[in-house]
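Enquirer: Okay, so here is coords.cif, and as you'll see once you scroll down, it has mmCIF, C-alpha atoms, pLDDT in the B column; chains and numbers go by the auth columns.
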data_model
#
loop_
_atom_site.group_PDB
_atom_site.id
_atom_site.type_symbol
_atom_site.label_atom_id
_atom_site.label_comp_id
_atom_site.label_asym_id
_atom_site.label_seq_id
_atom_site.Cartn_x
_atom_site.Cartn_y
_atom_site.Cartn_z
_atom_site.B_iso_or_equiv
_atom_site.auth_seq_id
_atom_site.auth_asym_id
ATOM 1 C CA ASP A 1 0.854 5.585 22.608 44.00 1 A
ATOM 2 C CA ARG A 2 3.642 6.103 20.088 48.00 2 A
ATOM 3 C CA SER A 3 4.686 2.444 19.828 48.00 3 A
ATOM 4 C CA ASN A 4 3.492 2.199 16.215 48.00 4 A
ATOM 5 C CA LYS A 5 5.538 5.229 15.216 51.00 5 A
ATOM 6 C CA ALA A 6 8.616 3.961 17.071 48.00 6 A
ATOM 7 C CA TYR A 7 8.555 0.626 15.284 48.00 7 A
ATOM 8 C CA PHE A 8 7.582 2.265 12.023 49.00 8 A
ATOM 9 C CA ASP A 9 10.717 4.411 12.134 52.00 9 A
ATOM 10 C CA GLN A 10 12.916 1.341 12.645 51.00 10 A
ATOM 11 C CA ILE A 11 12.825 0.547 8.961 48.00 11 A
ATOM 12 C CA THR A 12 16.432 1.503 8.381 45.00 12 A
ATOM 13 C CA LEU A 13 17.239 -1.785 6.730 41.00 13 A
ATOM 14 C CA THR A 14 18.725 0.287 3.921 40.00 14 A
ATOM 15 C CA GLU A 15 18.893 3.994 3.209 41.00 15 A
ATOM 16 C CA ALA A 16 16.295 3.674 0.504 49.00 16 A
ATOM 17 C CA LYS A 17 12.669 3.360 1.551 75.00 17 A
ATOM 18 C CA ALA A 18 9.415 2.954 -0.336 83.00 18 A
ATOM 19 C CA ILE A 19 6.454 4.764 1.174 89.00 19 A
ATOM 20 C CA HIS A 20 2.804 4.578 0.174 93.00 20 A
ATOM 21 C CA THR A 21 0.616 7.210 1.849 94.00 21 A
ATOM 22 C CA ASN A 22 -3.126 7.618 1.491 95.00 22 A
ATOM 23 C CA ASN A 23 -4.216 11.094 2.554 94.00 23 A
ATOM 24 C CA GLY A 24 -7.370 10.950 0.464 93.00 24 A
ATOM 25 C CA ARG A 25 -10.910 9.896 1.232 95.00 25 A
ATOM 26 C CA LYS A 26 -11.010 6.637 -0.722 97.00 26 A
ATOM 27 C CA PRO A 27 -8.951 3.418 -0.491 97.00 27 A
ATOM 28 C CA ILE A 28 -6.066 3.031 -2.940 97.00 28 A
ATOM 29 C CA THR A 29 -4.823 -0.293 -4.309 97.00 29 A
ATOM 30 C CA PHE A 30 -1.313 -1.046 -5.478 96.00 30 A
ATOM 31 C CA GLU A 31 0.912 -4.058 -6.128 95.00 31 A
ATOM 32 C CA LEU A 32 4.247 -4.828 -4.485 93.00 32 A
ATOM 33 C CA ALA A 33 7.294 -6.289 -6.212 90.00 33 A
ATOM 34 C CA ASP A 34 6.388 -9.845 -5.132 92.00 34 A
ATOM 35 C CA GLY A 35 2.915 -9.610 -6.698 93.00 35 A
ATOM 36 C CA SER A 36 1.056 -9.014 -3.421 95.00 36 A
ATOM 37 C CA LYS A 37 -1.817 -6.535 -3.610 97.00 37 A
ATOM 38 C CA ILE A 38 -2.477 -3.946 -0.917 97.00 38 A
ATOM 39 C CA THR A 39 -5.613 -1.857 -0.478 98.00 39 A
ATOM 40 C CA LEU A 40 -4.618 1.064 1.740 97.00 40 A
ATOM 41 C CA GLU A 41 -7.419 2.850 3.577 97.00 41 A
ATOM 42 C CA PRO A 42 -7.553 6.653 4.068 97.00 42 A
ATOM 43 C CA GLN A 43 -5.158 8.191 6.599 95.00 43 A
ATOM 44 C CA SER A 44 -2.871 5.169 6.376 96.00 44 A
ATOM 45 C CA GLU A 45 0.732 4.561 5.388 95.00 45 A
ATOM 46 C CA LEU A 46 2.787 1.534 4.331 95.00 46 A
ATOM 47 C CA ARG A 47 6.585 1.548 4.335 93.00 47 A
ATOM 48 C CA TYR A 48 9.279 -0.991 3.383 91.00 48 A
ATOM 49 C CA GLY A 49 12.969 -1.184 2.481 85.00 49 A
ATOM 50 C CA ASN A 50 14.260 -1.498 -1.069 80.00 50 A
ATOM 51 C CA GLU A 51 15.306 -5.122 -0.543 80.00 51 A
ATOM 52 C CA PHE A 52 11.645 -6.101 -0.259 87.00 52 A
ATOM 53 C CA GLY A 53 10.897 -9.043 -2.533 81.00 53 A
ATOM 54 C CA ASP A 54 14.562 -9.985 -2.831 81.00 54 A
ATOM 55 C CA LYS A 55 15.535 -11.875 0.311 80.00 55 A
ATOM 56 C CA LYS A 56 12.710 -10.855 2.615 86.00 56 A
ATOM 57 C CA ARG A 57 9.180 -9.509 2.637 93.00 57 A
ATOM 58 C CA GLU A 58 8.709 -7.055 5.502 93.00 58 A
ATOM 59 C CA VAL A 59 6.429 -4.021 5.641 94.00 59 A
ATOM 60 C CA PHE A 60 5.410 -1.494 8.289 94.00 60 A
ATOM 61 C CA LEU A 61 1.830 -0.259 8.575 95.00 61 A
ATOM 62 C CA ILE A 62 0.165 2.639 10.336 94.00 62 A
ATOM 63 C CA GLY A 63 -3.581 2.769 9.801 96.00 63 A
ATOM 64 C CA GLU A 64 -5.638 0.158 7.980 97.00 64 A
ATOM 65 C CA ALA A 65 -5.069 -2.060 4.951 98.00 65 A
ATOM 66 C CA PHE A 66 -6.373 -5.191 3.275 98.00 66 A
ATOM 67 C CA PHE A 67 -3.623 -7.562 2.141 97.00 67 A
ATOM 68 C CA GLU A 68 -3.769 -10.158 -0.628 96.00 68 A
ATOM 69 C CA VAL A 69 -0.375 -11.780 -0.182 96.00 69 A
ATOM 70 C CA LYS A 70 1.250 -13.730 -2.999 94.00 70 A
ATOM 71 C CA LYS A 71 2.174 -17.208 -1.790 92.00 71 A
ATOM 72 C CA ASP A 72 5.897 -17.793 -1.249 91.00 72 A
ATOM 73 C CA SER A 73 6.785 -20.549 1.224 87.00 73 A
ATOM 74 C CA GLN A 74 10.465 -19.568 1.159 88.00 74 A
ATOM 75 C CA ARG A 75 9.853 -15.936 2.149 91.00 75 A
ATOM 76 C CA PRO A 76 7.142 -15.336 4.744 92.00 76 A
ATOM 77 C CA PHE A 77 5.404 -11.975 4.554 95.00 77 A
ATOM 78 C CA LEU A 78 5.748 -9.954 7.796 94.00 78 A
ATOM 79 C CA ILE A 79 3.667 -6.907 8.715 95.00 79 A
ATOM 80 C CA TYR A 80 4.812 -4.812 11.676 93.00 80 A
ATOM 81 C CA THR A 81 2.174 -2.724 13.465 92.00 81 A
ATOM 82 C CA GLY A 82 3.638 -1.400 16.692 84.00 82 A
ATOM 83 C CA LYS A 83 4.327 -4.328 19.000 84.00 83 A
ATOM 84 C CA LEU A 84 2.233 -6.718 16.943 91.00 84 A
ATOM 85 C CA VAL A 85 3.665 -8.810 14.113 92.00 85 A
ATOM 86 C CA THR A 86 1.533 -10.622 11.547 95.00 86 A
ATOM 87 C CA LYS A 87 3.210 -13.456 9.640 94.00 87 A
ATOM 88 C CA VAL A 88 1.753 -15.140 6.553 94.00 88 A
ATOM 89 C CA ILE A 89 2.846 -17.290 3.626 86.00 89 A
ATOM 90 C CA GLY A 90 0.062 -16.397 1.229 86.00 90 A
ATOM 91 C CA THR A 91 -3.453 -15.350 2.190 92.00 91 A
ATOM 92 C CA SER A 92 -5.865 -12.414 2.454 95.00 92 A
ATOM 93 C CA PHE A 93 -6.598 -10.472 5.624 96.00 93 A
ATOM 94 C CA ARG A 94 -7.229 -7.008 7.063 96.00 94 A
ATOM 95 C CA ILE A 95 -5.151 -5.142 9.642 96.00 95 A
ATOM 96 C CA LYS A 96 -6.452 -2.124 11.530 96.00 96 A
ATOM 97 C CA ALA A 97 -3.738 -0.286 13.466 95.00 97 A
ATOM 98 C CA TYR A 98 -4.445 3.417 13.796 94.00 98 A
ATOM 99 C CA GLU A 99 -2.281 5.163 16.386 91.00 99 A
ATOM 100 C CA GLN A 100 -5.252 6.785 18.126 91.00 100 A
ATOM 101 C CA ASP A 101 -7.080 3.457 18.603 92.00 101 A
ATOM 102 C CA ASN A 102 -6.823 1.466 21.821 92.00 102 A
ATOM 103 C CA ASN A 103 -6.212 -1.788 20.011 94.00 103 A
ATOM 104 C CA ILE A 104 -4.813 -3.406 16.880 94.00 104 A
ATOM 105 C CA SER A 105 -6.871 -6.023 15.031 96.00 105 A
ATOM 106 C CA VAL A 106 -6.060 -8.644 12.412 97.00 106 A
ATOM 107 C CA SER A 107 -9.033 -10.235 10.608 97.00 107 A
ATOM 108 C CA VAL A 108 -8.573 -13.209 8.282 96.00 108 A
ATOM 109 C CA ARG A 109 -10.505 -13.626 5.026 94.00 109 A
ATOM 110 C CA THR A 110 -8.712 -16.640 3.524 93.00 110 A
ATOM 111 C CA GLY A 111 -5.811 -18.896 4.434 93.00 111 A
ATOM 112 C CA LYS A 112 -3.930 -18.972 7.727 93.00 112 A
ATOM 113 C CA VAL A 113 -2.236 -16.139 9.638 95.00 113 A
ATOM 114 C CA THR A 114 0.121 -16.177 12.627 95.00 114 A
ATOM 115 C CA VAL A 115 0.105 -13.232 15.023 95.00 115 A
ATOM 116 C CA TYR A 116 2.550 -12.552 17.847 91.00 116 A
ATOM 117 C CA ARG A 117 3.857 -9.688 19.915 86.00 117 A
ATOM 118 C CA GLN A 118 7.327 -8.255 19.479 77.00 118 A
ATOM 119 C CA ASP A 119 9.273 -6.555 22.267 63.00 119 A
ATOM 120 C CA GLY A 120 12.567 -4.757 21.923 51.00 120 A
ATOM 121 C CA LYS A 121 14.398 -4.165 18.676 48.00 121 A
ATOM 122 C CA LEU A 122 13.282 -5.273 15.249 46.00 122 A
ATOM 123 C CA GLY A 123 13.826 -8.974 14.793 46.00 123 A
ATOM 124 C CA ASN A 124 13.923 -9.755 18.515 46.00 124 A
ATOM 125 C CA LYS A 125 10.767 -11.828 18.571 46.00 125 A
ATOM 126 C CA GLN A 126 9.072 -12.330 21.913 46.00 126 A
ATOM 127 C CA SER A 127 5.493 -13.447 22.314 40.00 127 A
ATOM 128 C CA LEU A 128 2.912 -12.636 24.951 44.00 128 A
ATOM 129 C CA SER A 129 2.070 -16.299 25.201 50.00 129 A
ATOM 130 C CA THR A 130 2.100 -18.849 22.413 62.00 130 A
ATOM 131 C CA GLU A 131 1.639 -17.603 18.876 83.00 131 A
ATOM 132 C CA ILE A 132 -1.963 -17.135 17.847 92.00 132 A
ATOM 133 C CA VAL A 133 -2.909 -18.882 14.614 93.00 133 A
ATOM 134 C CA LEU A 134 -5.949 -17.492 12.819 95.00 134 A
ATOM 135 C CA ILE A 135 -8.119 -19.132 10.166 95.00 135 A
ATOM 136 C CA PRO A 136 -10.905 -17.537 8.067 95.00 136 A
ATOM 137 C CA ASN A 137 -13.473 -15.523 10.048 96.00 137 A
ATOM 138 C CA GLN A 138 -11.199 -15.359 13.100 96.00 138 A
ATOM 139 C CA LYS A 139 -9.653 -12.175 14.446 96.00 139 A
ATOM 140 C CA ALA A 140 -6.803 -11.295 16.797 95.00 140 A
ATOM 141 C CA VAL A 141 -7.127 -8.183 18.943 94.00 141 A
ATOM 142 C CA PHE A 142 -4.151 -6.673 20.754 93.00 142 A
ATOM 143 C CA GLU A 143 -5.211 -4.334 23.556 91.00 143 A
ATOM 144 C CA LYS A 144 -2.367 -1.843 23.922 88.00 144 A
ATOM 145 C CA GLU A 145 -2.847 -0.672 27.495 88.00 145 A
ATOM 146 C CA GLU A 146 -3.523 -4.122 28.947 87.00 146 A
ATOM 147 C CA ASN A 147 -0.905 -5.850 26.771 84.00 147 A
ATOM 148 C CA LEU A 148 -3.469 -8.531 25.987 87.00 148 A
ATOM 149 C CA LEU A 149 -3.611 -10.561 22.777 90.00 149 A
ATOM 150 C CA ILE A 150 -7.029 -12.128 22.276 92.00 150 A
ATOM 151 C CA LYS A 151 -8.395 -14.526 19.666 95.00 151 A
ATOM 152 C CA THR A 152 -12.032 -13.968 18.739 96.00 152 A
ATOM 153 C CA LEU A 153 -14.263 -13.873 15.637 97.00 153 A
ATOM 154 C CA VAL A 154 -14.687 -11.135 13.048 96.00 154 A
ATOM 155 C CA ASP A 155 -17.665 -8.830 13.527 93.00 155 A
ATOM 156 C CA LEU A 156 -19.624 -10.405 10.658 93.00 156 A
ATOM 157 C CA PRO A 157 -18.399 -13.875 9.631 94.00 157 A
ATOM 158 C CA VAL A 158 -18.875 -14.542 5.912 91.00 158 A
ATOM 159 C CA SER A 159 -19.496 -17.723 3.981 91.00 159 A
ATOM 160 C CA LEU A 160 -16.269 -19.396 2.858 89.00 160 A
ATOM 161 C CA ASN A 161 -18.008 -19.997 -0.446 80.00 161 A
ATOM 162 C CA ASP A 162 -18.969 -16.662 -2.004 66.00 162 A
ATOM 163 C CA SER A 163 -22.172 -18.113 -3.437 59.00 163 A
ATOM 164 C CA PRO A 164 -25.228 -16.526 -1.746 56.00 164 A
ATOM 165 C CA LYS A 165 -26.954 -19.915 -1.925 55.00 165 A
ATOM 166 C CA ASN A 166 -24.877 -21.017 1.025 56.00 166 A
ATOM 167 C CA THR A 167 -26.691 -18.545 3.263 64.00 167 A
ATOM 168 C CA ILE A 168 -30.119 -19.937 2.326 77.00 168 A
ATOM 169 C CA LEU A 169 -30.893 -22.730 4.750 90.00 169 A
ATOM 170 C CA ALA A 170 -34.011 -24.730 5.502 92.00 170 A
ATOM 171 C CA PHE A 171 -34.242 -27.122 8.449 95.00 171 A
ATOM 172 C CA GLU A 172 -37.253 -29.360 9.105 96.00 172 A
ATOM 173 C CA GLU A 173 -37.080 -31.173 12.438 95.00 173 A
ATOM 174 C CA THR A 174 -33.340 -31.446 11.847 96.00 174 A
ATOM 175 C CA LYS A 175 -31.112 -32.758 14.614 96.00 175 A
ATOM 176 C CA ILE A 176 -29.159 -29.975 16.269 96.00 176 A
ATOM 177 C CA SER A 177 -25.863 -31.721 15.516 95.00 177 A
ATOM 178 C CA GLU A 178 -26.635 -31.605 11.779 96.00 178 A
ATOM 179 C CA VAL A 179 -27.596 -27.924 12.030 96.00 179 A
ATOM 180 C CA PHE A 180 -24.323 -27.001 13.699 97.00 180 A
ATOM 181 C CA ASN A 181 -22.328 -29.148 11.264 96.00 181 A
ATOM 182 C CA ARG A 182 -23.915 -27.262 8.383 94.00 182 A
ATOM 183 C CA LEU A 183 -23.028 -23.893 9.900 95.00 183 A
ATOM 184 C CA GLU A 184 -19.478 -25.073 10.524 95.00 184 A
ATOM 185 C CA SER A 185 -19.077 -26.064 6.873 93.00 185 A
ATOM 186 C CA ILE A 186 -20.398 -22.702 5.665 93.00 186 A
ATOM 187 C CA TYR A 187 -18.401 -20.403 7.924 94.00 187 A
ATOM 188 C CA GLY A 188 -15.411 -22.579 8.833 94.00 188 A
ATOM 189 C CA ILE A 189 -15.954 -21.826 12.527 96.00 189 A
ATOM 190 C CA LYS A 190 -15.985 -24.631 15.067 96.00 190 A
ATOM 191 C CA ILE A 191 -19.177 -24.885 17.125 97.00 191 A
ATOM 192 C CA GLY A 192 -18.767 -26.782 20.367 97.00 192 A
ATOM 193 C CA PHE A 193 -21.639 -28.281 22.354 96.00 193 A
ATOM 194 C CA ASP A 194 -22.416 -31.280 24.566 96.00 194 A
ATOM 195 C CA LYS A 195 -23.805 -33.844 22.143 94.00 195 A
ATOM 196 C CA GLU A 196 -25.368 -35.916 24.913 95.00 196 A
ATOM 197 C CA VAL A 197 -27.133 -32.967 26.547 95.00 197 A
ATOM 198 C CA PHE A 198 -28.542 -31.736 23.222 96.00 198 A
ATOM 199 C CA SER A 199 -29.187 -35.202 21.723 94.00 199 A
ATOM 200 C CA LYS A 200 -32.987 -34.765 21.780 95.00 200 A
ATOM 201 C CA CYS A 201 -32.973 -31.280 20.266 96.00 201 A
ATOM 202 C CA SER A 202 -34.169 -30.599 16.717 96.00 202 A
ATOM 203 C CA VAL A 203 -34.659 -27.409 14.725 96.00 203 A
ATOM 204 C CA THR A 204 -37.272 -26.244 12.239 96.00 204 A
ATOM 205 C CA ALA A 205 -36.209 -22.917 10.758 95.00 205 A
ATOM 206 C CA HIS A 206 -35.704 -21.170 7.430 95.00 206 A
ATOM 207 C CA PHE A 207 -32.830 -18.731 6.947 93.00 207 A
ATOM 208 C CA ASN A 208 -32.165 -16.360 4.087 89.00 208 A
ATOM 209 C CA ASN A 209 -30.198 -13.152 4.654 86.00 209 A
ATOM 210 C CA GLU A 210 -29.511 -13.555 8.375 92.00 210 A
ATOM 211 C CA ASN A 211 -25.874 -13.344 9.432 93.00 211 A
ATOM 212 C CA LEU A 212 -24.281 -16.094 11.507 95.00 212 A
ATOM 213 C CA TYR A 213 -25.038 -14.473 14.859 96.00 213 A
ATOM 214 C CA GLN A 214 -28.675 -13.904 13.930 96.00 214 A
ATOM 215 C CA LYS A 215 -28.960 -17.556 12.918 96.00 215 A
ATOM 216 C CA LEU A 216 -27.446 -18.618 16.244 97.00 216 A
ATOM 217 C CA ASP A 217 -29.855 -16.350 18.146 97.00 217 A
ATOM 218 C CA ILE A 218 -32.834 -18.042 16.513 96.00 218 A
ATOM 219 C CA ILE A 219 -31.471 -21.570 16.915 97.00 219 A
ATOM 220 C CA CYS A 220 -30.596 -21.006 20.565 96.00 220 A
ATOM 221 C CA GLU A 221 -34.069 -19.591 21.236 96.00 221 A
ATOM 222 C CA ILE A 222 -35.621 -22.743 19.750 95.00 222 A
ATOM 223 C CA VAL A 223 -33.570 -25.128 21.925 95.00 223 A
ATOM 224 C CA ARG A 224 -33.425 -22.798 24.948 95.00 224 A
ATOM 225 C CA ALA A 225 -29.684 -22.379 24.863 96.00 225 A
ATOM 226 C CA LYS A 226 -27.134 -19.579 24.650 97.00 226 A
ATOM 227 C CA TYR A 227 -23.809 -19.184 22.906 97.00 227 A
ATOM 228 C CA GLU A 228 -20.498 -17.495 23.595 97.00 228 A
ATOM 229 C CA VAL A 229 -17.462 -16.760 21.445 96.00 229 A
ATOM 230 C CA ILE A 230 -14.433 -18.264 23.195 95.00 230 A
ATOM 231 C CA ASP A 231 -10.922 -18.290 21.731 94.00 231 A
ATOM 232 C CA GLY A 232 -12.155 -17.903 18.164 95.00 232 A
ATOM 233 C CA GLU A 233 -14.793 -20.633 18.448 96.00 233 A
ATOM 234 C CA ILE A 234 -18.498 -20.752 19.324 97.00 234 A
ATOM 235 C CA MET A 235 -19.620 -22.628 22.426 97.00 235 A
ATOM 236 C CA ILE A 236 -23.259 -23.578 23.027 97.00 236 A
ATOM 237 C CA PHE A 237 -24.599 -23.857 26.585 97.00 237 A
ATOM 238 C CA GLY A 238 -27.969 -25.152 27.803 95.00 238 A
ATOM 239 C CA ASN A 239 -29.915 -27.937 29.510 94.00 239 A
ATOM 240 C CA GLY A 240 -31.004 -29.704 26.348 92.00 240 A
ATOM 241 C CA CYS A 241 -34.503 -30.674 25.188 92.00 241 A
ATOM 242 C CA GLN A 242 -37.093 -33.039 26.618 82.00 242 A
#
For this file, write the structure as structure tokens.
Expert:
Amino acid sequence: DRSNKAYFDQITLTEAKAIHTNNGRKPITFELADGSKITLEPQSELRYGNEFGDKKREVFLIGEAFFEVKKDSQRPFLIYTGKLVTKVIGTSFRIKAYEQDNNISVSVRTGKVTVYRQDGKLGNKQSLSTEIVLIPNQKAVFEKEENLLIKTLVDLPVSLNDSPKNTILAFEETKISEVFNRLESIYGIKIGFDKEVFSKCSVTAHFNNENLYQKLDIICEIVRAKYEVIDGEIMIFGNGCQ
């Protein structure tokens, strides 16, 4: 699959090009003209035209990078990775788009990110379906061979508040609705469940260093339920409690 390379080489917006290449073993961090910070992972490359930061903010990525984009509502920041385009105003997120991989992923740390597929020439925007909007702890995955764009969750959701105290939780015969509301507020991820079915369920549990999925495993075991990640949200299924 050479789609990344084909789109990467389209950056002929001007004759001049800026190229950042990381052939080392450690990430490198640099700042663009607009104040955005990029952490480029090993075996990765970022390229853009010399009018970047003037009238537009467009970059091309092969490999992996973490972006901390300076907010500018008048000039959206666009990242091209093969057929996938990531559009932001100002936020932080990670893109993984190595040529040898079967998919491209966009994981959001803060803010809001829009992801869509591009077909044809640069600037001819065409989406697989509707645009996918991602919020913190959500991830978009584009499967190259199947041409599928999927919204899911990052591998390890983190607390939206960096304080470790937010991961220390103690529930004593707490209604399940309050438990899920607390998790939603910590991770910013919607948890859907049938309130009537689970109305009699309560949870007694103490959490410290467990990640979100480990917490959900324990909670679901207590109330005899199961959970699935669907379209970037968590859905709880079960018969409730007696």
Enquirer: Applied to the shown file, which residues does the PyMOL selection byres ((chain A and resi 134-143) around 7) return, written as a ChimeraX atom specification?
Expert: /A:102-114,132-133,144-154,157-158,188,232
Enquirer: Mind telling me what the PyMOL selection byres ((chain A and resi 24-28) around 9) catches here, as a PyMOL selection string?
Expert: chain A and resi 21-23+29-30+38-43+65
Enquirer: Go ahead and compute the interatomic distance for CA of Phe67 (chain A) and CA of Ala18 (chain A), in Å to one decimal.
Expert: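 Result for CA of Phe67 (chain A) versus CA of Ala18 (chain A): 16.9 Å, one decimal.
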Enquirer: Write out as number ranges by chain which residues come within 6 Å of Lys17 (chain A) when counting only C-alpha atoms, dropping same-chain ones fewer than 4 positions away.
Expert: A: 48-50
Enquirer: Quote the spacing between CA of Val179 (chain A) and CA of Leu160 (chain A) in Å to one decimal place.
Expert: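 A separation of 16.9 Å between them.
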Enquirer: Output as AutoDock Vina command-line options the centre and edge lengths (Å, one decimal) of the box along x, y and z of the file that holds every listed atom of region 64-81 of chain A after adding 5 Å on each side.
Expert:
--center_x 2.0 --center_y -10.2 --center_z 5.2 --size_x 26.8 --size_y 30.7 --size_z 26.5
Enquirer: How many Å lie between CA of Asp54 (chain A) and CA of Gly82 (chain A), rounded to one decimal?
Expert: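 For CA of Asp54 (chain A) relative to CA of Gly82 (chain A), the distance reads 24.0 Å.
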Enquirer: Expand the PyMOL selection byres ((chain A and resi 72) around 10) into the explicit residue set it covers here, and present it as a count of residues only.
Expert: 13
Enquirer: When you count all atoms listed in the file, which of these residues is closest to Glu68 (chain A): A:Lys56, A:Ser36, A:Phe237, A:Arg94?
Expert: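 Between A:Lys56, A:Ser36, A:Phe237, A:Arg94, the residue approaching Glu68 (chain A) most closely is A:Ser36.
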